[in-house]
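Structure file protein.cif (mmCIF, C-alpha atoms and all ligand atoms) is printed below.
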```
data_target
#
loop_
_atom_site.label_atom_id
_atom_site.label_comp_id
_atom_site.auth_asym_id
_atom_site.auth_seq_id
_atom_site.Cartn_x
_atom_site.Cartn_y
_atom_site.Cartn_z
CA MET R 1 -149.29 217.57 137.08
CA ARG R 2 -146.11 219.24 135.86
CA ILE R 3 -143.75 219.59 138.81
CA ALA R 4 -140.60 221.68 138.48
CA ARG R 5 -137.62 222.97 140.44
CA PHE R 6 -136.85 226.64 139.95
CA ASP R 7 -134.91 229.63 141.22
CA GLY R 8 -132.35 227.59 143.14
CA GLY R 9 -134.31 224.76 144.68
CA ARG R 10 -137.92 225.93 144.95
CA ILE R 11 -140.63 223.44 143.98
CA GLY R 12 -143.33 224.57 141.56
CA VAL R 13 -146.33 223.33 139.64
CA VAL R 14 -146.54 224.45 136.01
CA GLN R 15 -149.93 225.22 134.48
CA GLY R 16 -149.87 226.80 131.05
CA GLU R 17 -147.42 229.70 131.13
CA LEU R 18 -147.54 230.05 134.93
CA ILE R 19 -145.62 228.37 137.73
CA PHE R 20 -147.14 228.08 141.21
CA ASP R 21 -144.74 227.94 144.17
CA VAL R 22 -145.48 224.87 146.32
CA THR R 23 -142.15 224.78 148.16
CA ASP R 24 -143.75 225.22 151.59
CA ALA R 25 -146.49 222.67 150.88
CA CYS R 26 -143.75 220.15 150.06
CA GLY R 27 -141.86 221.00 153.25
CA VAL R 28 -138.76 221.79 151.22
CA ASP R 29 -136.00 224.20 152.28
CA PRO R 30 -134.61 225.67 149.03
CA GLU R 31 -131.30 226.34 150.80
CA GLU R 32 -130.80 222.70 151.77
CA TRP R 33 -127.64 220.85 150.84
CA PRO R 34 -127.57 218.33 149.37
CA PRO R 35 -130.57 219.34 147.25
CA MET R 36 -132.89 216.42 147.95
CA GLY R 37 -136.19 218.34 148.03
CA MET R 38 -137.62 216.85 144.86
CA VAL R 39 -136.61 213.34 145.90
CA THR R 40 -138.34 213.68 149.28
CA THR R 41 -141.35 215.26 147.54
CA ILE R 42 -141.59 212.32 145.14
CA ALA R 43 -141.19 209.82 147.97
CA ALA R 44 -144.06 211.41 149.92
CA PHE R 45 -146.12 212.51 146.91
CA ALA R 46 -149.22 210.47 147.72
CA ASP R 47 -149.44 212.24 151.09
CA LEU R 48 -148.40 215.68 149.76
CA ARG R 49 -150.60 215.84 146.68
CA GLY R 50 -153.59 217.36 148.45
CA ALA R 51 -151.53 220.11 150.05
CA ILE R 52 -149.79 220.80 146.73
CA GLU R 53 -153.11 221.14 144.92
CA ARG R 54 -154.45 223.47 147.61
CA ALA R 55 -151.32 225.64 147.34
CA VAL R 56 -151.81 225.87 143.58
CA ALA R 57 -155.49 226.76 143.99
CA ALA R 58 -154.62 229.49 146.52
CA GLY R 59 -151.61 230.81 144.61
CA ARG R 60 -151.35 233.55 142.00
CA GLY R 61 -148.69 231.99 139.84
CA THR R 62 -145.63 233.58 138.29
CA PRO R 63 -144.98 233.74 134.55
CA LEU R 64 -142.61 230.93 133.61
CA ALA R 65 -140.57 233.51 131.72
CA ASP R 66 -139.79 235.25 135.02
CA VAL R 67 -138.17 232.25 136.74
CA ARG R 68 -135.10 230.12 136.09
CA LEU R 69 -136.01 226.46 135.76
CA ASP R 70 -133.55 224.07 137.41
CA THR R 71 -133.19 220.40 136.59
CA PRO R 72 -135.94 218.59 138.53
CA ILE R 73 -133.77 216.01 140.30
CA PRO R 74 -130.17 217.17 140.70
CA TRP R 75 -129.22 214.42 143.20
CA PRO R 76 -130.88 211.14 142.23
CA HIS R 77 -129.63 208.04 143.95
CA LYS R 78 -129.09 206.50 140.50
CA LEU R 79 -129.03 207.61 136.87
CA LEU R 80 -129.44 204.43 134.82
CA ALA R 81 -129.53 204.34 131.03
CA LEU R 82 -130.48 201.88 128.32
CA PRO R 83 -128.19 201.47 125.30
CA ALA R 84 -129.39 201.66 121.68
CA ASN R 85 -133.05 201.05 122.50
CA PHE R 86 -134.56 201.65 119.05
CA ARG R 87 -133.79 199.16 116.28
CA ALA R 88 -132.92 201.81 113.69
CA HIS R 89 -130.37 203.40 116.03
CA ALA R 90 -128.93 199.99 116.91
CA ALA R 91 -128.43 199.47 113.17
CA GLU R 92 -126.64 202.80 112.69
CA MET R 93 -124.36 201.93 115.63
CA SER R 94 -123.70 198.36 114.53
CA GLY R 95 -120.09 197.50 115.05
CA VAL R 96 -120.09 199.73 118.14
CA GLN R 97 -122.81 198.05 120.21
CA GLN R 98 -122.17 194.43 121.00
CA LEU R 99 -125.65 193.49 122.20
CA GLY R 100 -129.14 194.83 121.71
CA ALA R 101 -130.91 196.69 124.49
CA ASP R 102 -133.02 193.63 125.28
CA GLU R 103 -129.84 191.72 126.08
CA ALA R 104 -127.36 194.38 127.20
CA GLY R 105 -129.07 195.58 130.38
CA PHE R 106 -128.32 199.10 131.53
CA PHE R 107 -125.28 201.30 131.95
CA MET R 108 -124.87 204.35 134.17
CA LYS R 109 -124.10 208.00 133.73
CA SER R 110 -122.65 210.01 136.56
CA ALA R 111 -125.41 211.92 138.33
CA GLY R 112 -122.90 214.75 138.17
CA SER R 113 -123.58 215.04 134.43
CA ILE R 114 -127.14 216.25 135.09
CA SER R 115 -127.93 219.82 134.10
CA GLY R 116 -131.11 221.80 133.64
CA PRO R 117 -133.23 223.47 130.99
CA ALA R 118 -131.57 226.86 131.51
CA ASP R 119 -128.03 225.50 131.47
CA PRO R 120 -125.87 225.26 128.33
CA ILE R 121 -124.32 221.98 127.22
CA VAL R 122 -120.61 222.60 127.74
CA LEU R 123 -118.43 220.69 125.27
CA PRO R 124 -115.00 219.70 126.59
CA HIS R 125 -111.97 220.56 124.48
CA ARG R 126 -111.33 217.26 122.72
CA PRO R 127 -109.79 218.12 119.29
CA GLY R 128 -110.71 215.70 116.51
CA ARG R 129 -113.39 213.97 118.60
CA THR R 130 -117.13 213.78 117.97
CA ILE R 131 -119.77 214.55 120.57
CA HIS R 132 -123.30 213.33 119.80
CA HIS R 133 -126.79 214.21 120.99
CA GLU R 134 -129.06 211.30 121.95
CA CYS R 135 -132.76 212.19 122.32
CA GLU R 136 -134.28 210.21 125.20
CA MET R 137 -137.06 210.10 127.74
CA ALA R 138 -136.30 210.22 131.45
CA ILE R 139 -138.39 207.69 133.37
CA VAL R 140 -138.64 208.92 136.97
CA ILE R 141 -139.25 206.33 139.66
CA GLY R 142 -141.89 207.14 142.28
CA THR R 143 -142.17 204.05 144.42
CA GLY R 144 -138.97 202.08 144.72
CA GLY R 145 -138.53 198.37 144.72
CA ARG R 146 -136.56 195.30 143.71
CA HIS R 147 -137.72 192.59 141.32
CA ILE R 148 -140.67 194.68 140.14
CA PRO R 149 -142.90 192.51 137.91
CA LEU R 150 -143.65 193.89 134.46
CA ALA R 151 -147.35 194.04 135.30
CA ASP R 152 -146.64 196.28 138.33
CA ALA R 153 -144.02 198.54 136.71
CA GLY R 154 -146.46 201.31 135.82
CA ARG R 155 -147.32 201.83 139.48
CA HIS R 156 -143.65 202.53 140.24
CA ILE R 157 -143.29 205.35 137.69
CA PHE R 158 -143.72 208.88 139.04
CA GLY R 159 -143.43 210.65 135.71
CA TYR R 160 -141.40 211.59 132.67
CA ALA R 161 -139.06 214.33 131.48
CA CYS R 162 -136.95 215.14 128.45
CA LEU R 163 -133.36 213.89 128.61
CA ILE R 164 -130.41 214.32 126.25
CA ASP R 165 -127.72 211.66 126.65
CA VAL R 166 -124.73 213.66 125.38
CA THR R 167 -121.96 211.28 124.40
CA LEU R 168 -118.31 211.59 123.42
CA ARG R 169 -117.64 208.88 120.83
CA GLY R 170 -114.46 206.87 121.27
CA ASP R 171 -112.85 203.98 123.04
CA GLU R 172 -112.78 205.20 126.63
CA GLU R 173 -115.11 203.58 129.15
CA ARG R 174 -118.70 204.47 128.22
CA VAL R 175 -119.37 205.87 131.68
CA THR R 176 -116.49 208.32 131.25
CA ARG R 177 -117.55 209.43 127.77
CA LYS R 178 -121.10 210.11 128.95
CA SER R 179 -120.31 211.71 132.30
CA TYR R 180 -118.85 215.13 131.52
CA ASP R 181 -120.58 217.93 133.42
CA THR R 182 -123.73 219.06 131.56
CA PHE R 183 -123.83 215.85 129.45
CA CYS R 184 -127.28 214.97 130.78
CA PRO R 185 -129.76 217.84 130.48
CA ILE R 186 -133.05 216.78 132.10
CA GLY R 187 -136.22 218.87 132.19
CA PRO R 188 -137.93 221.20 131.81
CA TRP R 189 -140.03 219.58 134.56
CA ILE R 190 -141.46 216.18 135.45
CA THR R 191 -144.89 215.47 134.04
CA THR R 192 -146.57 212.91 136.25
CA ALA R 193 -147.44 209.55 134.73
CA ASP R 194 -151.18 210.03 135.25
CA GLU R 195 -151.08 213.15 133.08
CA VAL R 196 -149.06 211.51 130.30
CA GLY R 197 -151.21 208.38 130.27
CA GLU R 198 -150.52 205.62 127.78
CA THR R 199 -147.05 206.25 126.34
CA ASP R 200 -147.06 204.17 123.13
CA ASP R 201 -148.08 207.10 120.92
CA VAL R 202 -145.86 209.64 122.68
CA VAL R 203 -143.35 210.97 120.14
CA LEU R 204 -139.84 212.08 121.11
CA ARG R 205 -138.22 214.70 118.86
CA LEU R 206 -134.89 216.54 118.78
CA TRP R 207 -133.82 219.44 116.59
CA VAL R 208 -130.43 221.09 116.13
CA ASN R 209 -130.61 224.68 114.87
CA GLY R 210 -134.20 224.08 113.78
CA GLU R 211 -133.40 220.93 111.78
CA LEU R 212 -135.26 217.83 112.93
CA ARG R 213 -132.61 215.19 113.66
CA GLN R 214 -134.42 212.54 115.70
CA GLN R 215 -138.06 211.49 115.90
CA ALA R 216 -139.78 208.29 117.01
CA PRO R 217 -142.74 207.20 119.11
CA ALA R 218 -142.11 205.43 122.38
CA ARG R 219 -143.76 202.27 121.04
CA GLU R 220 -140.66 201.69 118.88
CA MET R 221 -138.46 201.12 121.92
CA VAL R 222 -137.00 197.62 121.96
CA VAL R 223 -137.27 197.55 125.74
CA GLY R 224 -140.50 199.34 126.58
CA ILE R 225 -140.85 201.77 129.47
CA HIS R 226 -142.43 199.26 131.86
CA GLN R 227 -139.98 196.56 130.83
CA ALA R 228 -137.10 198.97 131.52
CA VAL R 229 -138.31 199.42 135.10
CA ALA R 230 -138.68 195.67 135.55
CA ASN R 231 -135.26 194.94 134.03
CA CYS R 232 -133.38 197.55 136.06
CA SER R 233 -135.08 196.47 139.29
CA ALA R 234 -134.02 192.89 138.65
CA VAL R 235 -130.46 194.05 139.32
CA THR R 236 -130.67 196.98 141.71
CA THR R 237 -133.24 198.28 144.17
CA LEU R 238 -134.88 201.31 142.61
CA GLN R 239 -135.40 204.34 144.85
CA PRO R 240 -137.83 207.27 144.61
CA GLY R 241 -136.32 209.85 142.27
CA ASP R 242 -134.13 207.38 140.41
CA ILE R 243 -133.95 208.13 136.70
CA ILE R 244 -133.83 205.67 133.82
CA ALA R 245 -132.83 207.11 130.42
CA SER R 246 -134.86 205.33 127.75
CA GLY R 247 -132.17 204.97 125.10
CA THR R 248 -132.23 206.82 121.82
CA MET R 249 -133.59 206.41 118.30
CA ALA R 250 -131.87 206.80 114.92
CA GLY R 251 -130.49 210.15 113.89
CA VAL R 252 -127.83 210.84 116.49
CA GLY R 253 -125.48 213.52 115.23
CA PRO R 254 -122.73 215.92 116.24
CA LEU R 255 -123.02 218.93 118.51
CA VAL R 256 -120.66 221.87 118.09
CA PRO R 257 -120.33 225.17 119.96
CA GLY R 258 -122.97 227.64 118.87
CA ASP R 259 -125.64 225.01 118.23
CA ARG R 260 -129.07 225.27 119.75
CA VAL R 261 -130.67 221.94 120.62
CA ARG R 262 -134.37 221.49 121.20
CA ILE R 263 -135.96 218.35 122.63
CA GLU R 264 -139.70 217.78 122.91
CA ILE R 265 -141.77 214.87 124.13
CA ASP R 266 -145.52 214.84 123.50
CA ARG R 267 -147.56 215.54 126.67
CA VAL R 268 -144.32 215.87 128.67
CA GLY R 269 -142.71 219.16 127.60
CA GLY R 270 -139.82 220.64 125.70
CA MET R 271 -136.67 222.67 126.24
CA THR R 272 -134.09 224.47 124.12
CA LEU R 273 -130.44 224.45 125.13
CA ALA R 274 -127.39 226.38 124.02
CA VAL R 275 -124.19 224.49 123.20
CA VAL R 276 -120.94 226.19 124.18
CA ALA R 277 -117.25 225.32 124.30
CA GLU R 278 -115.55 224.80 127.64
CA GLY R 279 -113.86 228.05 128.61
MN MN Q 1 -128.19 206.96 125.16
#
```
What's the structure tokens form of this structure?
Ligand code: MN
Amino acid sequence: MRIARFDGGRIGVVQGELIFDVTDACGVDPEEWPPMGMVTTIAAFADLRGAIERAVAAGRGTPLADVRLDTPIPWPHKLLALPANFRAHAAEMSGVQQLGADEAGFFMKSAGSISGPADPIVLPHRPGRTIHHECEMAIVIGTGGRHIPLADAGRHIFGYACLIDVTLRGDEERVTRKSYDTFCPIGPWITTADEVGETDDVVLRLWVNGELRQQAPAREMVVGIHQAVANCSAVTTLQPGDIIASGTMAGVGPLVPGDRVRIEIDRVGGMTLAVVAEG
């Protein structure tokens, strides 16, 4: 199932080029603040799934082109991220990264950096500085937990989405450099783990202005997807709707105003984003 947020907090299921409104089936008020509807939907998904599927079956669907997709989880409890999680990227960043992803643990981005598939990436005015794209997979937690064994990790994953870890290079604290507003586009929806299936052969790709910049299958991650869940939960209790950014592969490069960035993940989805300068 591909589950999306759209038109200011509605919940929808995407099938082909149509989106089916399941907001009522999920018991979500689109006007709610803070916008926790997707988190509560994920937390209760096992109980809601039947009602969601009935709403889809009874619905007419709206062309995706006629709605505005929002980022699926605007208010996660945590947005965790793995550093340099593909060996080739670790090599290109050598001298910057001190430890490999299998040793370094996770860092965090501000949840405030999350933006959606219809939002531009807004570059802050930092003359002489470089801002990079990092192509990543968002691992969305379904069932929370602490000290999750590797063998159980798959059962704690709700699904996956595309994620760009936009990063200002430099010497400031990493959290600061990665936490500007719009520095974490996530979307265009969450594809549930059962639909994605085995992830080893899933390829992540990122283009800038049509030029392929990053491409690698998930199997090349140093810390695999299940290991990432186990490792993060060894430190902090994971909650439904928490997001773990997978870390990126080789090929990170600069973004400048006017660029158009596209990210795609096999069996998950894809989205194209404008890059603009801060006004
Ligand atoms: Mn990253």
| remark: Judged by all atoms listed in the file, the minimum distance to ligand MN 1 (chain Q) among R:Leu64, R:Ala151, R:Val235, R:Met93 is found for R:Met93
| task | May I have the protein, DNA and RNA residues with any atom at most 7 Å from the point (-127.0, 213.3, 121.5), counting all atoms listed in the file, written as an MDAnalysis selection string? | result | chainID R and resid 132:135 164:167 252:253
| request: Within 10 Å of R:Met38, counting only C-alpha atoms, which residues show up once you throw out same-chain ones fewer than 5 positions away? Write them as number ranges by chain, please. | output: R: 3-5, 9-11, 23, 26, 28, 43-45, 72-76, 240-241
Output of the above residues as a PDB file, in the coordinates of the input, restricted to C-alpha atoms:
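What ended up in result.pdb:
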```pdb
ATOM      1  CA  ILE R   3    -143.750 219.590 138.810  1.00  0.00           C
ATOM      2  CA  ALA R   4    -140.600 221.680 138.480  1.00  0.00           C
ATOM      3  CA  ARG R   5    -137.620 222.970 140.440  1.00  0.00           C
ATOM      4  CA  GLY R   9    -134.310 224.760 144.680  1.00  0.00           C
ATOM      5  CA  ARG R  10    -137.920 225.930 144.950  1.00  0.00           C
ATOM      6  CA  ILE R  11    -140.630 223.440 143.980  1.00  0.00           C
ATOM      7  CA  THR R  23    -142.150 224.780 148.160  1.00  0.00           C
ATOM      8  CA  CYS R  26    -143.750 220.150 150.060  1.00  0.00           C
ATOM      9  CA  VAL R  28    -138.760 221.790 151.220  1.00  0.00           C
ATOM     10  CA  ALA R  43    -141.190 209.820 147.970  1.00  0.00           C
ATOM     11  CA  ALA R  44    -144.060 211.410 149.920  1.00  0.00           C
ATOM     12  CA  PHE R  45    -146.120 212.510 146.910  1.00  0.00           C
ATOM     13  CA  PRO R  72    -135.940 218.590 138.530  1.00  0.00           C
ATOM     14  CA  ILE R  73    -133.770 216.010 140.300  1.00  0.00           C
ATOM     15  CA  PRO R  74    -130.170 217.170 140.700  1.00  0.00           C
ATOM     16  CA  TRP R  75    -129.220 214.420 143.200  1.00  0.00           C
ATOM     17  CA  PRO R  76    -130.880 211.140 142.230  1.00  0.00           C
ATOM     18  CA  PRO R 240    -137.830 207.270 144.610  1.00  0.00           C
ATOM     19  CA  GLY R 241    -136.320 209.850 142.270  1.00  0.00           C
TER      20      GLY R 241
END
```
| message | Counting all atoms listed in the file, what are the residues, protein, DNA or RNA alike, that approach ligand MN 1 (chain Q) to within 12 Å? I want them as a VMD selection string. | response | chain R and resid 79 to 86 89 to 90 93 97 101 106 to 109 132 to 138 163 to 169 174 to 175 177 to 179 183 to 184 244 to 252
Dump as an mmCIF file, in the frame of the given file, selection limited to C-alpha atoms:
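Now in part-v8.cif:
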```cif
data_model
loop_
_atom_site.group_PDB
_atom_site.id
_atom_site.type_symbol
_atom_site.label_atom_id
_atom_site.label_comp_id
_atom_site.auth_asym_id
_atom_site.auth_seq_id
_atom_site.Cartn_x
_atom_site.Cartn_y
_atom_site.Cartn_z
ATOM 1 C CA LEU R 79 -129.030 207.610 136.870
ATOM 2 C CA LEU R 80 -129.440 204.430 134.820
ATOM 3 C CA ALA R 81 -129.530 204.340 131.030
ATOM 4 C CA LEU R 82 -130.480 201.880 128.320
ATOM 5 C CA PRO R 83 -128.190 201.470 125.300
ATOM 6 C CA ALA R 84 -129.390 201.660 121.680
ATOM 7 C CA ASN R 85 -133.050 201.050 122.500
ATOM 8 C CA PHE R 86 -134.560 201.650 119.050
ATOM 9 C CA HIS R 89 -130.370 203.400 116.030
ATOM 10 C CA ALA R 90 -128.930 199.990 116.910
ATOM 11 C CA MET R 93 -124.360 201.930 115.630
ATOM 12 C CA GLN R 97 -122.810 198.050 120.210
ATOM 13 C CA ALA R 101 -130.910 196.690 124.490
ATOM 14 C CA PHE R 106 -128.320 199.100 131.530
ATOM 15 C CA PHE R 107 -125.280 201.300 131.950
ATOM 16 C CA MET R 108 -124.870 204.350 134.170
ATOM 17 C CA LYS R 109 -124.100 208.000 133.730
ATOM 18 C CA HIS R 132 -123.300 213.330 119.800
ATOM 19 C CA HIS R 133 -126.790 214.210 120.990
ATOM 20 C CA GLU R 134 -129.060 211.300 121.950
ATOM 21 C CA CYS R 135 -132.760 212.190 122.320
ATOM 22 C CA GLU R 136 -134.280 210.210 125.200
ATOM 23 C CA MET R 137 -137.060 210.100 127.740
ATOM 24 C CA ALA R 138 -136.300 210.220 131.450
ATOM 25 C CA LEU R 163 -133.360 213.890 128.610
ATOM 26 C CA ILE R 164 -130.410 214.320 126.250
ATOM 27 C CA ASP R 165 -127.720 211.660 126.650
ATOM 28 C CA VAL R 166 -124.730 213.660 125.380
ATOM 29 C CA THR R 167 -121.960 211.280 124.400
ATOM 30 C CA LEU R 168 -118.310 211.590 123.420
ATOM 31 C CA ARG R 169 -117.640 208.880 120.830
ATOM 32 C CA ARG R 174 -118.700 204.470 128.220
ATOM 33 C CA VAL R 175 -119.370 205.870 131.680
ATOM 34 C CA ARG R 177 -117.550 209.430 127.770
ATOM 35 C CA LYS R 178 -121.100 210.110 128.950
ATOM 36 C CA SER R 179 -120.310 211.710 132.300
ATOM 37 C CA PHE R 183 -123.830 215.850 129.450
ATOM 38 C CA CYS R 184 -127.280 214.970 130.780
ATOM 39 C CA ILE R 244 -133.830 205.670 133.820
ATOM 40 C CA ALA R 245 -132.830 207.110 130.420
ATOM 41 C CA SER R 246 -134.860 205.330 127.750
ATOM 42 C CA GLY R 247 -132.170 204.970 125.100
ATOM 43 C CA THR R 248 -132.230 206.820 121.820
ATOM 44 C CA MET R 249 -133.590 206.410 118.300
ATOM 45 C CA ALA R 250 -131.870 206.800 114.920
ATOM 46 C CA GLY R 251 -130.490 210.150 113.890
ATOM 47 C CA VAL R 252 -127.830 210.840 116.490
#
```
| Contacts of R:Pro149 at 12 Å or less, counting only C-alpha atoms, minus same-chain residues fewer than 6 places along, as number ranges by chain? | R: 155-156, 226-234
Using all atoms listed in the file, tabulate the residues of stretch 191-221 of chain R lying at most 7 Å from any atom of stretch 254-264 of chain R, each with its closest atom pair and that distance in Å to one decimal, by chain and increasing residue number, as JSON lines.
```
{"residue": "R:Leu204", "atom": "CA", "partner": "R:Glu264", "partner_atom": "CA", "distance": 6.0}
{"residue": "R:Arg205", "atom": "CA", "partner": "R:Glu264", "partner_atom": "CA", "distance": 5.3}
{"residue": "R:Leu206", "atom": "CA", "partner": "R:Ile263", "partner_atom": "CA", "distance": 4.4}
{"residue": "R:Trp207", "atom": "CA", "partner": "R:Arg262", "partner_atom": "CA", "distance": 5.1}
{"residue": "R:Val208", "atom": "CA", "partner": "R:Val261", "partner_atom": "CA", "distance": 4.6}
{"residue": "R:Asn209", "atom": "CA", "partner": "R:Arg260", "partner_atom": "CA", "distance": 5.2}
```
| message | Which residues are near R:Arg49? Cut-off 12 Å, all atoms listed in the file, ignore same chain within fewer than 2 positions. Put them as a PyMOL selection string. | response | chain R and resi 1+3+13+22+25-26+41-47+51-56+192
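Summary of the local environment: counting all atoms listed in the file, residues at most 8 Å from R:Tyr180, other than itself and those fewer than 6 positions away along its chain, are Gly112, Ser113 and Pro124 of chain R.
Between atom CA of R:Val14 and atom CA of R:Ile121 lies a distance of 24.0 Å.
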| Å distance separating atom CA of R:Pro34 from atom CA of R:Gly187, one decimal place | 19.2 Å
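One distance worth recording is that between atom CA of R:Ala111 and atom CA of R:Gly37, which is 15.9 Å.
Comparing R:Asp152, R:Asp266, R:Asp102, R:Glu172 by their smallest distance to R:Pro217, the closest is R:Asp266 (using all atoms listed in the file).
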| task | Mind checking which residues fall within 12 Å of R:Gly154, counting all atoms listed in the file, ignoring those fewer than 6 positions away in the same chain, and posting them as a PyMOL selection string? | result | chain R and resi 139-144+148+160+192-194+196-199+224-230
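Closest approach to R:Thr272 among R:Pro120, R:Pro63, R:Gly50, R:Gly128 is made by R:Pro120 (distances from only C-alpha atoms).
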Can you put N, CA and C atoms back into stretch 25-47 of chain R and show it as a JSON list (two decimals), in the coordinates of the input?
```json
[["chain", "number", "residue", "atom", "x", "y", "z"],
["R", 25, "ALA", "N", -145.58, 223.82, 150.80],
["R", 25, "ALA", "CA", -146.49, 222.67, 150.88],
["R", 25, "ALA", "C", -145.74, 221.36, 150.84],
["R", 26, "CYS", "N", -144.57, 221.37, 150.16],
["R", 26, "CYS", "CA", -143.75, 220.15, 150.06],
["R", 26, "CYS", "C", -142.81, 220.01, 151.25],
["R", 27, "GLY", "N", -142.76, 221.04, 152.11],
["R", 27, "GLY", "CA", -141.86, 221.00, 153.25],
["R", 27, "GLY", "C", -140.40, 221.05, 152.86],
["R", 28, "VAL", "N", -140.12, 221.75, 151.75],
["R", 28, "VAL", "CA", -138.76, 221.79, 151.22],
["R", 28, "VAL", "C", -138.09, 223.12, 151.59],
["R", 29, "ASP", "N", -136.83, 223.02, 152.04],
["R", 29, "ASP", "CA", -136.00, 224.20, 152.28],
["R", 29, "ASP", "C", -135.13, 224.41, 151.04],
["R", 30, "PRO", "N", -135.37, 225.48, 150.27],
["R", 30, "PRO", "CA", -134.61, 225.67, 149.03],
["R", 30, "PRO", "C", -133.11, 225.82, 149.26],
["R", 31, "GLU", "N", -132.73, 226.15, 150.50],
["R", 31, "GLU", "CA", -131.30, 226.34, 150.80],
["R", 31, "GLU", "C", -130.62, 225.03, 151.17],
["R", 32, "GLU", "N", -131.36, 223.95, 151.26],
["R", 32, "GLU", "CA", -130.80, 222.70, 151.77],
["R", 32, "GLU", "C", -129.65, 222.20, 150.90],
["R", 33, "TRP", "N", -128.70, 221.55, 151.54],
["R", 33, "TRP", "CA", -127.64, 220.85, 150.84],
["R", 33, "TRP", "C", -127.41, 219.52, 151.54],
["R", 34, "PRO", "N", -127.37, 218.40, 150.81],
["R", 34, "PRO", "CA", -127.57, 218.33, 149.37],
["R", 34, "PRO", "C", -129.02, 218.59, 148.97],
["R", 35, "PRO", "N", -129.22, 218.94, 147.71],
["R", 35, "PRO", "CA", -130.57, 219.34, 147.25],
["R", 35, "PRO", "C", -131.46, 218.15, 146.97],
["R", 36, "MET", "N", -132.08, 217.65, 148.04],
["R", 36, "MET", "CA", -132.89, 216.42, 147.95],
["R", 36, "MET", "C", -134.38, 216.70, 147.93],
["R", 37, "GLY", "N", -134.78, 217.98, 147.86],
["R", 37, "GLY", "CA", -136.19, 218.34, 148.03],
["R", 37, "GLY", "C", -137.13, 217.65, 147.06],
["R", 38, "MET", "N", -136.71, 217.51, 145.80],
["R", 38, "MET", "CA", -137.62, 216.85, 144.86],
["R", 38, "MET", "C", -137.69, 215.35, 145.15],
["R", 39, "VAL", "N", -136.59, 214.77, 145.58],
["R", 39, "VAL", "CA", -136.61, 213.34, 145.90],
["R", 39, "VAL", "C", -137.56, 213.08, 147.08],
["R", 40, "THR", "N", -137.46, 213.90, 148.12],
["R", 40, "THR", "CA", -138.34, 213.68, 149.28],
["R", 40, "THR", "C", -139.80, 213.99, 148.91],
["R", 41, "THR", "N", -139.98, 214.96, 148.01],
["R", 41, "THR", "CA", -141.35, 215.26, 147.54],
["R", 41, "THR", "C", -141.93, 214.07, 146.78],
["R", 42, "ILE", "N", -141.12, 213.48, 145.90],
["R", 42, "ILE", "CA", -141.59, 212.32, 145.14],
["R", 42, "ILE", "C", -141.89, 211.16, 146.09],
["R", 43, "ALA", "N", -141.01, 210.95, 147.06],
["R", 43, "ALA", "CA", -141.19, 209.82, 147.97],
["R", 43, "ALA", "C", -142.48, 209.94, 148.77],
["R", 44, "ALA", "N", -142.86, 211.18, 149.08],
["R", 44, "ALA", "CA", -144.06, 211.41, 149.92],
["R", 44, "ALA", "C", -145.23, 211.94, 149.10],
["R", 45, "PHE", "N", -145.17, 211.80, 147.78],
["R", 45, "PHE", "CA", -146.12, 212.51, 146.91],
["R", 45, "PHE", "C", -147.57, 212.14, 147.19],
["R", 46, "ALA", "N", -147.83, 210.88, 147.48],
["R", 46, "ALA", "CA", -149.22, 210.47, 147.72],
["R", 46, "ALA", "C", -149.81, 211.25, 148.90],
["R", 47, "ASP", "N", -148.96, 211.49, 149.92],
["R", 47, "ASP", "CA", -149.44, 212.24, 151.09],
["R", 47, "ASP", "C", -149.45, 213.74, 150.84]]
```
